[in-house]
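Pasted below: final01.cif, mmCIF, C-alpha atoms.
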```
data_input
#
loop_
_atom_site.group_PDB
_atom_site.id
_atom_site.type_symbol
_atom_site.label_atom_id
_atom_site.label_comp_id
_atom_site.auth_asym_id
_atom_site.auth_seq_id
_atom_site.Cartn_x
_atom_site.Cartn_y
_atom_site.Cartn_z
ATOM 1 C CA MET U 24 0.000 0.000 0.000
ATOM 2 C CA LYS U 25 1.196 3.468 -0.857
ATOM 3 C CA ILE U 26 0.234 6.530 1.207
ATOM 4 C CA THR U 27 0.708 10.134 0.105
ATOM 5 C CA PHE U 28 0.059 13.443 1.856
ATOM 6 C CA SER U 29 -0.380 16.647 -0.133
ATOM 7 C CA ASP U 30 -2.520 19.779 0.248
ATOM 8 C CA ASP U 31 -3.882 18.460 3.573
ATOM 9 C CA ILE U 32 -5.209 15.303 1.845
ATOM 10 C CA LEU U 33 -3.959 11.908 2.982
ATOM 11 C CA THR U 34 -4.465 9.337 0.219
ATOM 12 C CA ALA U 35 -4.094 5.624 0.888
ATOM 13 C CA PHE U 36 -3.842 3.527 -2.277
ATOM 14 C CA VAL U 37 -5.172 0.213 -0.993
ATOM 15 C CA GLU U 38 -4.197 -2.859 -3.036
ATOM 16 C CA GLY U 39 -4.991 -6.549 -3.148
ATOM 17 C CA GLU U 40 -7.454 -8.326 -0.932
ATOM 18 C CA ILE U 41 -9.074 -6.838 2.157
ATOM 19 C CA ASP U 42 -10.171 -9.558 4.547
ATOM 20 C CA HIS U 43 -9.796 -10.380 8.229
ATOM 21 C CA HIS U 44 -6.152 -11.373 7.643
ATOM 22 C CA THR U 45 -5.026 -8.218 5.815
ATOM 23 C CA ALA U 46 -7.299 -5.524 7.275
ATOM 24 C CA PRO U 47 -5.443 -5.108 10.612
ATOM 25 C CA GLU U 48 -2.122 -4.321 8.917
ATOM 26 C CA ILE U 49 -3.773 -1.900 6.476
ATOM 27 C CA ARG U 50 -5.655 -0.241 9.328
ATOM 28 C CA GLU U 51 -2.532 0.212 11.462
ATOM 29 C CA GLU U 52 -0.559 1.782 8.630
ATOM 30 C CA ILE U 53 -3.330 4.232 7.724
ATOM 31 C CA ASP U 54 -4.058 5.101 11.367
ATOM 32 C CA LYS U 55 -0.401 5.954 12.048
ATOM 33 C CA ARG U 56 -0.434 8.443 9.205
ATOM 34 C CA ILE U 57 -3.809 9.890 10.199
ATOM 35 C CA MET U 58 -2.571 10.490 13.729
ATOM 36 C CA SER U 59 0.693 12.091 12.607
ATOM 37 C CA ASP U 60 -0.635 14.184 9.688
ATOM 38 C CA LYS U 61 -4.210 14.993 10.865
ATOM 39 C CA PRO U 62 -5.458 15.469 7.283
ATOM 40 C CA SER U 63 -8.587 17.476 6.561
ATOM 41 C CA ILE U 64 -9.496 14.776 4.021
ATOM 42 C CA LEU U 65 -8.731 11.066 4.148
ATOM 43 C CA ARG U 66 -8.997 9.608 0.672
ATOM 44 C CA LEU U 67 -9.114 5.815 0.404
ATOM 45 C CA ASP U 68 -8.354 4.800 -3.184
ATOM 46 C CA TYR U 69 -9.765 1.312 -3.773
ATOM 47 C CA SER U 70 -8.693 1.065 -7.442
ATOM 48 C CA GLY U 71 -6.180 -1.665 -6.598
ATOM 49 C CA VAL U 72 -8.519 -3.758 -4.449
ATOM 50 C CA THR U 73 -9.264 -7.149 -5.999
ATOM 51 C CA PHE U 74 -11.436 -8.617 -3.232
ATOM 52 C CA MET U 75 -13.190 -7.260 -0.180
ATOM 53 C CA ASP U 76 -15.316 -8.879 2.488
ATOM 54 C CA SER U 77 -16.971 -7.139 5.434
ATOM 55 C CA SER U 78 -13.489 -6.257 6.727
ATOM 56 C CA GLY U 79 -13.232 -3.730 3.879
ATOM 57 C CA ILE U 80 -16.405 -2.024 5.085
ATOM 58 C CA GLY U 81 -15.082 -2.073 8.652
ATOM 59 C CA LEU U 82 -11.821 -0.549 7.447
ATOM 60 C CA ILE U 83 -13.709 2.363 5.888
ATOM 61 C CA MET U 84 -16.030 2.915 8.856
ATOM 62 C CA GLY U 85 -13.226 2.816 11.408
ATOM 63 C CA ARG U 86 -11.170 5.359 9.473
ATOM 64 C CA TYR U 87 -14.265 7.552 9.173
ATOM 65 C CA LYS U 88 -14.663 7.534 12.966
ATOM 66 C CA LEU U 89 -11.012 8.428 13.432
ATOM 67 C CA VAL U 90 -10.915 11.380 11.005
ATOM 68 C CA SER U 91 -14.317 12.682 12.033
ATOM 69 C CA SER U 92 -13.130 12.788 15.666
ATOM 70 C CA TYR U 93 -11.195 15.939 14.724
ATOM 71 C CA SER U 94 -13.627 17.150 11.986
ATOM 72 C CA GLY U 95 -11.810 15.513 9.064
ATOM 73 C CA LYS U 96 -13.706 14.233 6.022
ATOM 74 C CA LEU U 97 -13.679 10.848 4.273
ATOM 75 C CA GLU U 98 -13.615 10.035 0.560
ATOM 76 C CA VAL U 99 -13.619 6.532 -0.901
ATOM 77 C CA ILE U 100 -12.632 6.716 -4.554
ATOM 78 C CA ASN U 101 -12.151 4.418 -7.533
ATOM 79 C CA VAL U 102 -14.317 1.682 -6.054
ATOM 80 C CA PRO U 103 -14.400 -1.259 -8.526
ATOM 81 C CA HIS U 104 -17.852 -1.981 -9.956
ATOM 82 C CA ASN U 105 -17.981 -5.453 -8.398
ATOM 83 C CA MET U 106 -17.688 -3.854 -4.924
ATOM 84 C CA ALA U 107 -19.900 -0.823 -5.510
ATOM 85 C CA LYS U 108 -23.142 -2.509 -4.501
ATOM 86 C CA VAL U 109 -21.737 -3.685 -1.160
ATOM 87 C CA ILE U 110 -20.396 -0.198 -0.428
ATOM 88 C CA LYS U 111 -23.723 1.414 -1.319
ATOM 89 C CA LEU U 112 -25.756 -1.087 0.745
ATOM 90 C CA SER U 113 -23.506 -0.513 3.764
ATOM 91 C CA GLY U 114 -24.519 3.169 3.895
ATOM 92 C CA ILE U 115 -20.978 4.481 3.522
ATOM 93 C CA GLU U 116 -22.238 7.140 1.111
ATOM 94 C CA LYS U 117 -23.914 8.789 4.120
ATOM 95 C CA LEU U 118 -20.529 9.120 5.842
ATOM 96 C CA GLY U 119 -18.550 10.640 3.016
ATOM 97 C CA LYS U 120 -17.984 10.938 -0.685
ATOM 98 C CA VAL U 121 -17.947 7.647 -2.633
ATOM 99 C CA MET U 122 -16.808 7.495 -6.246
ATOM 100 C CA ILE U 123 -17.234 4.356 -8.342
ATOM 101 C CA LYS U 124 -14.407 3.625 -10.773
ATOM 102 C CA GLY U 125 -15.255 4.927 -14.245
ATOM 103 C CA GLU U 126 -18.282 6.986 -13.163
#
```
Could you write out this structure as structure tokens?
Amino acid sequence: MKITFSDDILTAFVEGEIDHHTAPEIREEIDKRIMSDKPSILRLDYSGVTFMDSSGIGLIMGRYKLVSSYSGKLEVINVPHNMAKVIKLSGIEKLGKVMIKGE
């Protein structure tokens, strides 16, 4: 996973599979950067995600709680079409901006 910070936006380019085995490591890495940089916007780029179970939803919701604790905003971008329905059904669009890949 690659993480960049520019113009007060922290972008995490999440790659591969997000499941109960991989989510804790991804979460820890993102949380460290959130706590050190305190971005006004956390952008989770899911363009490189090939599989996601409920751990992927939990990853998003937990990061939302963390950034919103200091009035930061959440964006989930480049969500692959095969994961868009799960993201929409989870209600994540109510928490922040969600952009489906190619739309």
*Find the spatial neighbours of Met24 (chain U), counting only C-alpha atoms, within a cut-off of 8 Å - ignore same-chain residues fewer than 6 positions away - and output them as JSON, numbers by chain.*
{"U": [35, 36, 37, 38, 49]}
Write the selection just made, keeping C-alpha atoms, as a PDB file, keeping the file's coordinate frame?
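The resulting result13.pdb:
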```
ATOM      1  CA  ALA U  35      -4.094   5.624   0.888  1.00  0.00           C
ATOM      2  CA  PHE U  36      -3.842   3.527  -2.277  1.00  0.00           C
ATOM      3  CA  VAL U  37      -5.172   0.213  -0.993  1.00  0.00           C
ATOM      4  CA  GLU U  38      -4.197  -2.859  -3.036  1.00  0.00           C
ATOM      5  CA  ILE U  49      -3.773  -1.900   6.476  1.00  0.00           C
TER       6      ILE U  49
END
```
*asked:* Please list, as number ranges by chain, the residues that have an atom at most 9 Å away from (-5.8, 16.0, 12.2) in the coordinates of this file, counting all atoms listed in the file.
replied: U: 57-63, 90, 92-95
*Around the point (-12.6, 3.5, 8.3), in the coordinates given by the file, pick out the residues reaching within 12 Å, counting only C-alpha atoms, and return them as number ranges by chain.*
U: 35, 46-47, 49-51, 53-54, 57, 65-67, 77-92, 96-99, 115, 118-119
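Taking CA of Phe74 (chain U) and CA of Met106 (chain U) as endpoints, the distance between them is 8.0 Å.
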_Quick check, in Å to one decimal: how far apart do CA of Leu112 (chain U) and CA of Glu40 (chain U) lie?_
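CA of Glu40 (chain U) lies at a distance of 19.8 Å from CA of Leu112 (chain U).
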*asked:* I'd like the interatomic distance between CA of Thr73 (chain U) and CA of Lys117 (chain U), to a tenth of an Å.
replied: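 Straight-line distance from CA of Thr73 (chain U) to CA of Lys117 (chain U) works out to 23.9 Å.
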*Taking only C-alpha atoms into account, which of U:Asp68, U:Pro103, U:Met75, U:Asp30 comes nearest His44 (chain U)?*
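Among the listed residues, U:Met75 lies closest to His44 (chain U).
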